[in-house]
file upload.cif (mmCIF, C-alpha atoms)
data_final
loop_
_atom_site.group_PDB
_atom_site.id
_atom_site.type_symbol
_atom_site.label_atom_id
_atom_site.label_comp_id
_atom_site.auth_asym_id
_atom_site.auth_seq_id
_atom_site.Cartn_x
_atom_site.Cartn_y
_atom_site.Cartn_z
ATOM 1 C CA MET A 1126 -39.367 -36.983 -17.949
ATOM 2 C CA ALA A 1127 -35.635 -36.630 -17.335
ATOM 3 C CA GLU A 1128 -35.752 -33.118 -18.805
ATOM 4 C CA GLU A 1129 -38.650 -32.148 -16.518
ATOM 5 C CA LEU A 1130 -36.719 -33.481 -13.539
ATOM 6 C CA LYS A 1131 -33.681 -31.381 -14.504
ATOM 7 C CA LYS A 1132 -35.884 -28.278 -14.653
ATOM 8 C CA LEU A 1133 -37.417 -29.080 -11.271
ATOM 9 C CA THR A 1134 -34.005 -29.720 -9.737
ATOM 10 C CA SER A 1135 -32.756 -26.407 -11.076
ATOM 11 C CA ARG A 1136 -35.747 -24.575 -9.603
ATOM 12 C CA VAL A 1137 -35.325 -26.239 -6.191
ATOM 13 C CA GLN A 1138 -31.605 -25.463 -6.178
ATOM 14 C CA GLY A 1139 -32.453 -21.842 -6.880
ATOM 15 C CA VAL A 1140 -34.717 -21.751 -3.839
ATOM 16 C CA GLU A 1141 -32.683 -23.851 -1.384
ATOM 17 C CA GLY A 1142 -29.182 -23.496 -2.745
ATOM 18 C CA VAL A 1143 -27.057 -26.316 -4.100
ATOM 19 C CA LYS A 1144 -25.761 -27.476 -0.702
ATOM 20 C CA GLY A 1145 -29.305 -28.212 0.549
ATOM 21 C CA ILE A 1146 -29.939 -30.897 -2.073
ATOM 22 C CA GLN A 1147 -28.323 -34.288 -2.089
ATOM 23 C CA GLY A 1148 -29.452 -37.253 -4.144
ATOM 24 C CA LEU A 1149 -31.953 -35.237 -6.146
ATOM 25 C CA ASN A 1150 -31.321 -36.736 -9.530
ATOM 26 C CA TYR A 1151 -33.338 -39.044 -11.739
ATOM 27 C CA GLU A 1152 -31.349 -42.184 -10.915
ATOM 28 C CA ASP A 1153 -31.689 -41.629 -7.161
ATOM 29 C CA LEU A 1154 -35.398 -40.819 -7.272
ATOM 30 C CA CYS A 1155 -36.665 -43.516 -9.623
ATOM 31 C CA ILE A 1156 -37.009 -47.189 -8.838
ATOM 32 C CA GLN A 1157 -36.377 -48.201 -12.437
ATOM 33 C CA PRO A 1158 -34.572 -45.229 -14.051
ATOM 34 C CA ASP A 1159 -33.358 -47.290 -16.999
ATOM 35 C CA VAL A 1160 -36.844 -48.511 -17.958
ATOM 36 C CA GLU A 1161 -38.770 -46.769 -20.715
ATOM 37 C CA LEU A 1162 -42.446 -47.361 -21.386
ATOM 38 C CA PRO A 1163 -43.229 -48.733 -24.857
ATOM 39 C CA LYS A 1164 -43.956 -46.055 -27.480
ATOM 40 C CA GLY A 1165 -47.622 -45.221 -27.570
ATOM 41 C CA TYR A 1166 -48.345 -47.007 -24.283
ATOM 42 C CA LYS A 1167 -50.800 -45.135 -22.115
ATOM 43 C CA PRO A 1168 -50.853 -46.325 -18.509
ATOM 44 C CA PRO A 1169 -54.340 -47.216 -17.266
ATOM 45 C CA LYS A 1170 -56.145 -45.345 -14.531
ATOM 46 C CA PHE A 1171 -55.283 -47.314 -11.434
ATOM 47 C CA GLU A 1172 -57.411 -47.808 -8.368
ATOM 48 C CA MET A 1173 -55.632 -45.674 -5.821
ATOM 49 C CA PHE A 1174 -54.392 -47.082 -2.518
ATOM 50 C CA ASP A 1175 -54.097 -44.644 0.373
ATOM 51 C CA GLY A 1176 -52.885 -47.030 3.061
ATOM 52 C CA ILE A 1177 -56.328 -47.957 4.358
ATOM 53 C CA GLY A 1178 -57.695 -51.295 3.332
ATOM 54 C CA ASP A 1179 -56.152 -54.541 2.217
ATOM 55 C CA PRO A 1180 -52.833 -54.157 0.339
ATOM 56 C CA LYS A 1181 -53.340 -57.607 -1.222
ATOM 57 C CA VAL A 1182 -56.618 -56.486 -2.797
ATOM 58 C CA HIS A 1183 -54.859 -53.396 -4.118
ATOM 59 C CA LEU A 1184 -52.057 -55.464 -5.647
ATOM 60 C CA ARG A 1185 -54.529 -57.784 -7.383
ATOM 61 C CA THR A 1186 -56.455 -54.838 -8.784
ATOM 62 C CA TYR A 1187 -53.199 -53.196 -9.856
ATOM 63 C CA CYS A 1188 -51.997 -56.316 -11.679
ATOM 64 C CA ASP A 1189 -55.334 -56.712 -13.462
ATOM 65 C CA LYS A 1190 -54.944 -53.211 -14.922
ATOM 66 C CA LEU A 1191 -51.556 -54.017 -16.486
ATOM 67 C CA VAL A 1192 -52.940 -55.922 -19.458
ATOM 68 C CA GLY A 1193 -50.988 -53.954 -22.096
ATOM 69 C CA VAL A 1194 -47.621 -54.137 -20.322
ATOM 70 C CA GLY A 1195 -46.795 -57.743 -21.086
ATOM 71 C CA ARG A 1196 -44.459 -59.614 -18.792
ATOM 72 C CA ASP A 1197 -41.849 -56.895 -18.269
ATOM 73 C CA GLU A 1198 -41.527 -56.915 -14.498
ATOM 74 C CA ARG A 1199 -39.498 -53.698 -14.479
ATOM 75 C CA ILE A 1200 -42.347 -51.746 -16.102
ATOM 76 C CA ARG A 1201 -44.782 -53.134 -13.531
ATOM 77 C CA MET A 1202 -42.521 -51.864 -10.754
ATOM 78 C CA LYS A 1203 -42.042 -48.496 -12.430
ATOM 79 C CA LEU A 1204 -45.799 -47.941 -12.766
ATOM 80 C CA PHE A 1205 -46.615 -49.049 -9.221
ATOM 81 C CA ILE A 1206 -46.092 -45.626 -7.669
ATOM 82 C CA ARG A 1207 -48.910 -44.333 -9.897
ATOM 83 C CA SER A 1208 -51.358 -46.475 -7.932
ATOM 84 C CA LEU A 1209 -50.622 -44.897 -4.558
ATOM 85 C CA THR A 1210 -51.992 -41.781 -2.926
ATOM 86 C CA GLY A 1211 -52.128 -40.060 0.446
ATOM 87 C CA ASP A 1212 -50.295 -41.675 3.335
ATOM 88 C CA ALA A 1213 -49.368 -44.767 1.298
ATOM 89 C CA LEU A 1214 -47.685 -42.594 -1.323
ATOM 90 C CA SER A 1215 -45.919 -40.503 1.325
ATOM 91 C CA TRP A 1216 -44.659 -43.642 3.028
ATOM 92 C CA TYR A 1217 -43.556 -45.219 -0.256
ATOM 93 C CA ILE A 1218 -41.697 -42.086 -1.342
ATOM 94 C CA SER A 1219 -39.938 -41.882 2.016
ATOM 95 C CA GLN A 1220 -38.405 -45.326 1.401
ATOM 96 C CA ASN A 1221 -34.937 -45.709 -0.023
ATOM 97 C CA PRO A 1222 -35.429 -46.527 -3.755
ATOM 98 C CA LYS A 1223 -32.263 -48.628 -3.702
ATOM 99 C CA LYS A 1224 -33.972 -50.854 -1.130
ATOM 100 C CA TRP A 1225 -36.828 -51.555 -3.560
ATOM 101 C CA LYS A 1226 -34.755 -51.978 -6.729
ATOM 102 C CA LYS A 1227 -33.437 -55.519 -6.970
ATOM 103 C CA PRO A 1228 -32.326 -56.435 -10.505
ATOM 104 C CA THR A 1229 -33.091 -60.155 -10.191
ATOM 105 C CA GLU A 1230 -36.426 -59.756 -8.404
ATOM 106 C CA THR A 1231 -39.712 -60.571 -10.122
ATOM 107 C CA PHE A 1232 -42.756 -58.357 -9.739
ATOM 108 C CA CYS A 1233 -44.414 -61.059 -7.627
ATOM 109 C CA GLU A 1234 -41.465 -61.004 -5.220
ATOM 110 C CA TYR A 1235 -41.487 -57.201 -5.242
ATOM 111 C CA ALA A 1236 -45.236 -57.081 -4.553
ATOM 112 C CA THR A 1237 -44.957 -59.634 -1.746
ATOM 113 C CA ARG A 1238 -42.167 -57.638 -0.116
ATOM 114 C CA TRP A 1239 -44.115 -54.378 -0.539
ATOM 115 C CA ARG A 1240 -47.241 -55.943 0.980
ATOM 116 C CA SER A 1241 -45.201 -57.187 3.929
ATOM 117 C CA GLU A 1242 -43.696 -53.742 4.521
ATOM 118 C CA ALA A 1243 -47.067 -52.004 4.096
ATOM 119 C CA ALA A 1244 -48.681 -54.395 6.588
ATOM 120 C CA LYS A 1245 -46.170 -53.278 9.211
ATOM 121 C CA VAL A 1246 -47.238 -49.665 8.726
ATOM 122 C CA LYS A 1247 -50.973 -50.241 8.233
ATOM 123 C CA PRO A 1248 -52.019 -49.947 11.925
ATOM 124 C CA ALA A 1249 -50.088 -46.687 12.249
ATOM 125 C CA LEU A 1250 -51.738 -45.323 9.112
ATOM 126 C CA GLU A 1251 -55.223 -46.270 10.328
ATOM 127 C CA GLU A 1252 -54.526 -44.750 13.750
ATOM 128 C CA GLU A 1253 -53.256 -41.576 12.102
ATOM 129 C CA GLN A 1254 -56.399 -41.403 9.948
ATOM 130 C CA MET A 1255 -58.587 -41.869 13.043
ATOM 131 C CA ASN A 1256 -56.737 -39.072 14.822
ATOM 132 C CA LYS A 1257 -57.260 -36.775 11.841
ATOM 133 C CA PHE A 1258 -60.964 -37.651 11.839
ATOM 134 C CA PHE A 1259 -61.460 -37.022 15.551
ATOM 135 C CA VAL A 1260 -59.521 -33.752 15.481
ATOM 136 C CA ARG A 1261 -61.885 -32.463 12.776
ATOM 137 C CA ALA A 1262 -65.051 -33.638 14.570
#
call {"tool": "encode", "arguments": {"input": "upload.cif", "output": "structure tokens"}}
result
Amino acid sequence: MAEELKKLTSRVQGVEGVKGIQGLNYEDLCIQPDVELPKGYKPPKFEMFDGIGDPKVHLRTYCDKLVGVGRDERIRMKLFIRSLTGDALSWYISQNPKKWKKPTETFCEYATRWRSEAAKVKPALEEEQMNKFFVRA
């Protein structure tokens, strides 16, 4: 993955120039850059959360899918982004990864904090979705 990121960074730098890119390296982009998935581990297909619905239900469903991960909280955090899509993913990516990465934090604490932050945005996401719907109609 690090090699793919280097290739992507090189391509973007070629298009935008080196001065236009700051913080575009693996450590800055990843929440858990030092965490490797176990050899042979294939992440499950997660139920995707797009920002509409109950974040608590999503977190429960997400945790239920992590049967093969064991108790490594860092892997649970690393895989979490794979369960998001649409506006929820855009919002999550726009966050400062350093804000989410707390070395002493458990996944439960991480999930609770994420749910709290997502709840603050939820009405705006639903309103945005409604606006998109009515513009199309």
call {"tool": "residues_around", "arguments": {"input": "upload.cif", "residues": "region 1184-1199 of chain A", "least_positions_apart": "5", "cutoff": "12 Å", "atoms": "all atoms listed in the file", "output": "JSON, numbers by chain"}}
result
{"A": [1155, 1156, 1157, 1158, 1159, 1160, 1161, 1162, 1163, 1164, 1165, 1166, 1167, 1168, 1169, 1170, 1171, 1172, 1173, 1174, 1178, 1179, 1204, 1205, 1206, 1207, 1208, 1209, 1225, 1226, 1227, 1228, 1229, 1230, 1231, 1232, 1233, 1234, 1235, 1236, 1237, 1238, 1239, 1240, 1241, 1243]}
call {"tool": "closest_residue", "arguments": {"input": "upload.cif", "among": "A:Val1182, A:Ala1244, A:Ala1127, A:Ile1177", "to": "Thr1210 (chain A)", "atoms": "all atoms listed in the file"}}
result
A:Ile1177
call {"tool": "atom_distance", "arguments": {"input": "upload.cif", "atom1": "CA of Ile1200 (chain A)", "atom2": "CA of Lys1132 (chain A)"}}
result
24.4 Å
call {"tool": "atom_distance", "arguments": {"input": "upload.cif", "atom1": "CA of Lys1203 (chain A)", "atom2": "CA of Lys1131 (chain A)"}}
result
19.2 Å
call {"tool": "closest_residue", "arguments": {"input": "upload.cif", "among": "A:Asn1221, A:Arg1201, A:Glu1242, A:Glu1128", "to": "Gly1176 (chain A)", "atoms": "all atoms listed in the file"}}
result
A:Glu1242
call {"tool": "residues_around", "arguments": {"input": "upload.cif", "residues": "Gly1211 (chain A)", "least_positions_apart": "2", "cutoff": "6 Å", "atoms": "all atoms listed in the file", "output": "PyMOL selection string"}}
result
chain A and resi 1175+1213-1214
